[in-house]
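Enquirer: If you scroll down you'll find the structure; I have some questions about it.
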Amino acid sequence: MVSKHEVVDFKNELNLLQKNNLYRELIPVETLGSIVKINGKNIIHLCSNDYLGLSCNKQVIRTISNSLKNGISQCSSRLVSGNNHVLEELEYDLAKHKRREKALVYPTGYMANLGVISNLVGNEDLIVSDELNHASIIDACKMSGANVRVFKHNNIEDLEYKLSGSHYKRKLVVTEGVFSMDGDCAQLKELGKISHENNALFVVDDAHGDFLYGMHFRGTAEHFRAEKYVDVIISSMSKALGCFGGYVVGNGDLVEYLINKSRQFIYTSALPSIFASASITALKFCIKGSLQKKLWNNVSKFRKGLFNIGFNVSSSSHIIPIIIGDEKKALTLSKTLLKEGVFVQAIRYPTVPKGSARIRVSITSSLEKHIDDALDAFNRSAQKLSLI
Ligand SMILES: Cc1ncc(COP(=O)(O)O)c(C=O)c1O
C-alpha cells in the first residue's frame, strides 16, 4: 500500500537534482574484481577501492568461509555480549603493524571517524579541519559540538592562523593522508609540527594511504616520516585490505577512553568476526609488498597513457581525478566510458565543490592486463566528446 501522507515533497527535490545533473543512481553490478559484469557485459572496473585486489584473494575468502562455521554475527555490542577473541587478535595485529600501543575496531571507517573525532573534543574545544576532508570527518566535526574552523587545503600558514586562540580547552587538527577525491597527499610532517607547536592533537584519516605507502606499508605517516607528529590514525579495512570495517590506532589510554565514551563503539553491534578474520589474513599479504609493486606499476602506466592521450593528470597517487568541471559533461563522459567498456563514476557536488565535477579513476594491483584496453576506451571516449 502506498501512503498518501506527504509531509515532504520528495518528487520535487528529486526533479531538482535531475535538473542540476546531481541525481545519483545505483548501477547494478554482478561479480567483484577488476572485471565486472554490467548488463551482462564484461566491463573494466576503475572505481574500486580494493587497491590490492585482496577482496578476491582466494586465501582471504577461504578464511571467511572457514570462520563462518562459528556463526555470522555477534548480534550485539562487544560490551554487552562479550569480546570476541578474533577482534582482539585483529586489534593486536593492527596496533603492532602501526607500531602503536593499541587499536580499536569499528563497524566501518565512517563510524570510526564519528566515534573517534566526535568523542575527543566537545563544545569548549576547537577542531581545525582541511577543506577537502571526507564527509565522515565533516559529520564527525559537526557531531562533536566543538568550534570548527576549516583551513585551506593542505595550507600550513592557514592552519597556523586558524589554530590561533588560547581560550579553548583542547584543540584537534584533522586531515586525510591521501585525499579521496583529489588523490594528493597531505604535508603530514609540516601540518603535524604546527599542530604540536599549538598544543593540538593531530589526527589523520589514512583510509586511502594505509597499507600502500611507507617502507613497511604503515601508510602516509610512515612515508612522510611524520609518525611522531601523528597522535591518532583512523582508517578503513574496506580499501587496501579488501575487507570490511574501520579502526583507530593510538596510545593505550586513548583506546580505553574510546571503549568507555565512544557511542559509535558502545551502542552498535560488533564488526562480525568473519570480517576480522579476513582482515588478519589480508594484512599478511599486505606486508609482503609484491601487490603494492604491481599497483605502482599500473599507476605509472595508466598516468603516462592518460597524459599521452591529452588528459591533464596532476595526481601522482593511485587515485586519479580527471577534472571536467561541468556536472553534465562529467556524467556524459562516465556514460560514454561505460559504453566503451570502462566503469568509472562522475563525482559531483556535494562530494566535491560545485563546478569541479570529475571522473575519479582508482587503480588497483589486479588491473595489470586491462590497462591498455582501459586507455583505448578513454581515447575513444575523449575523441567522441571532443575533450582532447
Ligand atoms: C577518507 C575516507 N575516510 C573514511 C571513509 C569511510 O570508510 P568506510 O567505507 O570503511 O566506511 C572513506 C570511504 O570512502 C573515505 O574515503
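Convention: chains lettered A, B, ... in C-alpha cells order; per-chain residue numbering from 1; ligands numbered from 1 as shown.
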Counting only C-alpha atoms, what is within 10 Å of region 76-87 of chain A, bar same-chain residues fewer than 6 positions away, as a list in words?

Expert: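 Here the qualifying residues turn out to be Ser67, Asp93, Leu104, Val105, Ile259, Asn260, Phe265, Ile266, Tyr267, Thr268, Ser269, Ala270, Leu271, Pro272, Ser273, Ile274, Phe275, Ala276, Ser277, Ser279 and Ile280 of chain A.
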
Enquirer: I'd like the contact shell of Arg218 (chain A) - 12 Å cut-off, only C-alpha atoms, skipping same-chain residues fewer than 6 positions apart - returned as a PyMOL selection string.

Expert: chain A and resi 94-100+177+206-212+224-227+233+235+240+249+283+286-287+289

Enquirer: Let me see if you get this right: every residue at most 9 Å from ligand 1, counting only C-alpha atoms and all ligand atoms, written as a ChimeraX atom specification.

Expert: /A:49,106-113,133-137,175-181,205-208,234-239,244-247

Enquirer: Residues of the last selection are to be written out with N, CA and C atoms, as a compact mmCIF listing (two decimals), in the first residue's frame.

Expert:
# COMPACT_ATOMS: atom_id res chain seq x y z
N ASN A 49 37.93 0.66 -4.52
CA ASN A 49 38.98 0.99 -3.55
C ASN A 49 39.72 -0.28 -3.09
N TYR A 106 35.99 -0.54 14.60
CA TYR A 106 34.60 -0.06 14.49
C TYR A 106 33.94 -0.79 13.31
N PRO A 107 32.59 -0.76 13.25
CA PRO A 107 31.93 -1.47 12.14
C PRO A 107 32.30 -0.94 10.75
N THR A 108 32.57 0.37 10.61
CA THR A 108 33.02 0.90 9.32
C THR A 108 34.02 2.04 9.57
N GLY A 109 34.68 2.47 8.51
CA GLY A 109 35.58 3.62 8.61
C GLY A 109 34.79 4.89 8.92
N TYR A 110 33.61 4.98 8.35
CA TYR A 110 32.74 6.14 8.60
C TYR A 110 32.46 6.24 10.10
N MET A 111 32.11 5.11 10.69
CA MET A 111 31.79 5.11 12.13
C MET A 111 33.04 5.35 12.98
N ALA A 112 34.18 4.93 12.49
CA ALA A 112 35.42 5.18 13.24
C ALA A 112 35.67 6.69 13.32
N ASN A 113 35.46 7.39 12.20
CA ASN A 113 35.64 8.85 12.23
C ASN A 113 34.65 9.50 13.19
N ASN A 133 38.39 17.57 3.40
CA ASN A 133 38.19 16.33 4.17
C ASN A 133 36.89 15.62 3.80
N HIS A 134 36.92 14.31 3.97
CA HIS A 134 35.81 13.42 3.63
C HIS A 134 34.56 13.73 4.46
N ALA A 135 33.40 13.39 3.89
CA ALA A 135 32.11 13.65 4.55
C ALA A 135 32.05 13.09 5.98
N SER A 136 32.67 11.94 6.19
CA SER A 136 32.59 11.33 7.53
C SER A 136 33.34 12.18 8.55
N ILE A 137 34.40 12.87 8.12
CA ILE A 137 35.14 13.76 9.03
C ILE A 137 34.30 15.01 9.29
N THR A 175 43.14 15.81 9.15
CA THR A 175 43.33 15.79 7.70
C THR A 175 43.26 14.36 7.20
N GLU A 176 43.14 14.22 5.89
CA GLU A 176 43.30 12.88 5.30
C GLU A 176 44.77 12.69 4.94
N GLY A 177 45.21 11.45 4.79
CA GLY A 177 46.58 11.18 4.35
C GLY A 177 46.67 11.34 2.85
N VAL A 178 45.87 10.53 2.13
CA VAL A 178 45.70 10.70 0.67
C VAL A 178 44.25 11.14 0.48
N PHE A 179 44.05 12.25 -0.19
CA PHE A 179 42.68 12.78 -0.32
C PHE A 179 41.88 11.95 -1.31
N SER A 180 40.68 11.55 -0.85
CA SER A 180 39.92 10.52 -1.57
C SER A 180 39.43 10.95 -2.94
N MET A 181 39.21 12.23 -3.15
CA MET A 181 38.67 12.67 -4.44
C MET A 181 39.68 13.44 -5.28
N ASP A 205 43.14 10.69 8.94
CA ASP A 205 42.33 9.63 8.34
C ASP A 205 43.13 9.11 7.15
N ASP A 206 43.66 7.91 7.29
CA ASP A 206 44.54 7.38 6.23
C ASP A 206 43.87 6.26 5.43
N ALA A 207 42.54 6.37 5.28
CA ALA A 207 41.78 5.31 4.60
C ALA A 207 42.39 4.95 3.23
N HIS A 208 42.92 5.97 2.52
CA HIS A 208 43.40 5.70 1.16
C HIS A 208 44.92 5.57 1.03
N ILE A 234 43.17 7.06 11.90
CA ILE A 234 41.88 6.39 11.68
C ILE A 234 41.92 5.82 10.27
N SER A 235 41.37 4.63 10.10
CA SER A 235 41.44 4.05 8.76
C SER A 235 40.30 3.07 8.53
N SER A 236 40.31 2.51 7.32
CA SER A 236 39.25 1.59 6.92
C SER A 236 39.86 0.27 6.49
N MET A 237 39.11 -0.79 6.71
CA MET A 237 39.58 -2.10 6.20
C MET A 237 38.91 -2.44 4.88
N SER A 238 38.09 -1.49 4.36
CA SER A 238 37.44 -1.79 3.09
C SER A 238 38.07 -1.05 1.92
N LYS A 239 39.36 -0.73 2.06
CA LYS A 239 40.10 -0.16 0.91
C LYS A 239 41.23 -1.16 0.59
N PHE A 244 36.40 -5.37 5.28
CA PHE A 244 35.30 -4.52 5.73
C PHE A 244 35.54 -4.10 7.17
N GLY A 245 35.20 -2.85 7.47
CA GLY A 245 35.32 -2.37 8.85
C GLY A 245 36.20 -1.14 8.93
N GLY A 246 36.24 -0.54 10.12
CA GLY A 246 37.10 0.64 10.34
C GLY A 246 37.90 0.45 11.61
N TYR A 247 38.92 1.26 11.80
CA TYR A 247 39.68 1.16 13.04
C TYR A 247 40.43 2.43 13.36

Enquirer: Could you give me, as an MDAnalysis selection string, the residues within 9 Å of Asn39 (chain A), counting only C-alpha atoms and dropping anything in the same chain fewer than 3 positions from it?

Expert: chainID A and resid 28:30 42

Enquirer: Pick out the closest residue to Val299 (chain A) from this set: A:Asn12, A:Ser317, A:Asn66, A:Gln59. Count only C-alpha atoms.

Expert: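 With only C-alpha atoms as the atom set, the closest residue is A:Ser317.
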
Enquirer: Given the choices A:Glu25, A:Asp184, A:Asp9, A:Asp139, which gets closest to Ile319 (chain A) if the distance is worked out from only C-alpha atoms?

Expert: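 Closest to Ile319 (chain A), using only C-alpha atoms: A:Asp184.
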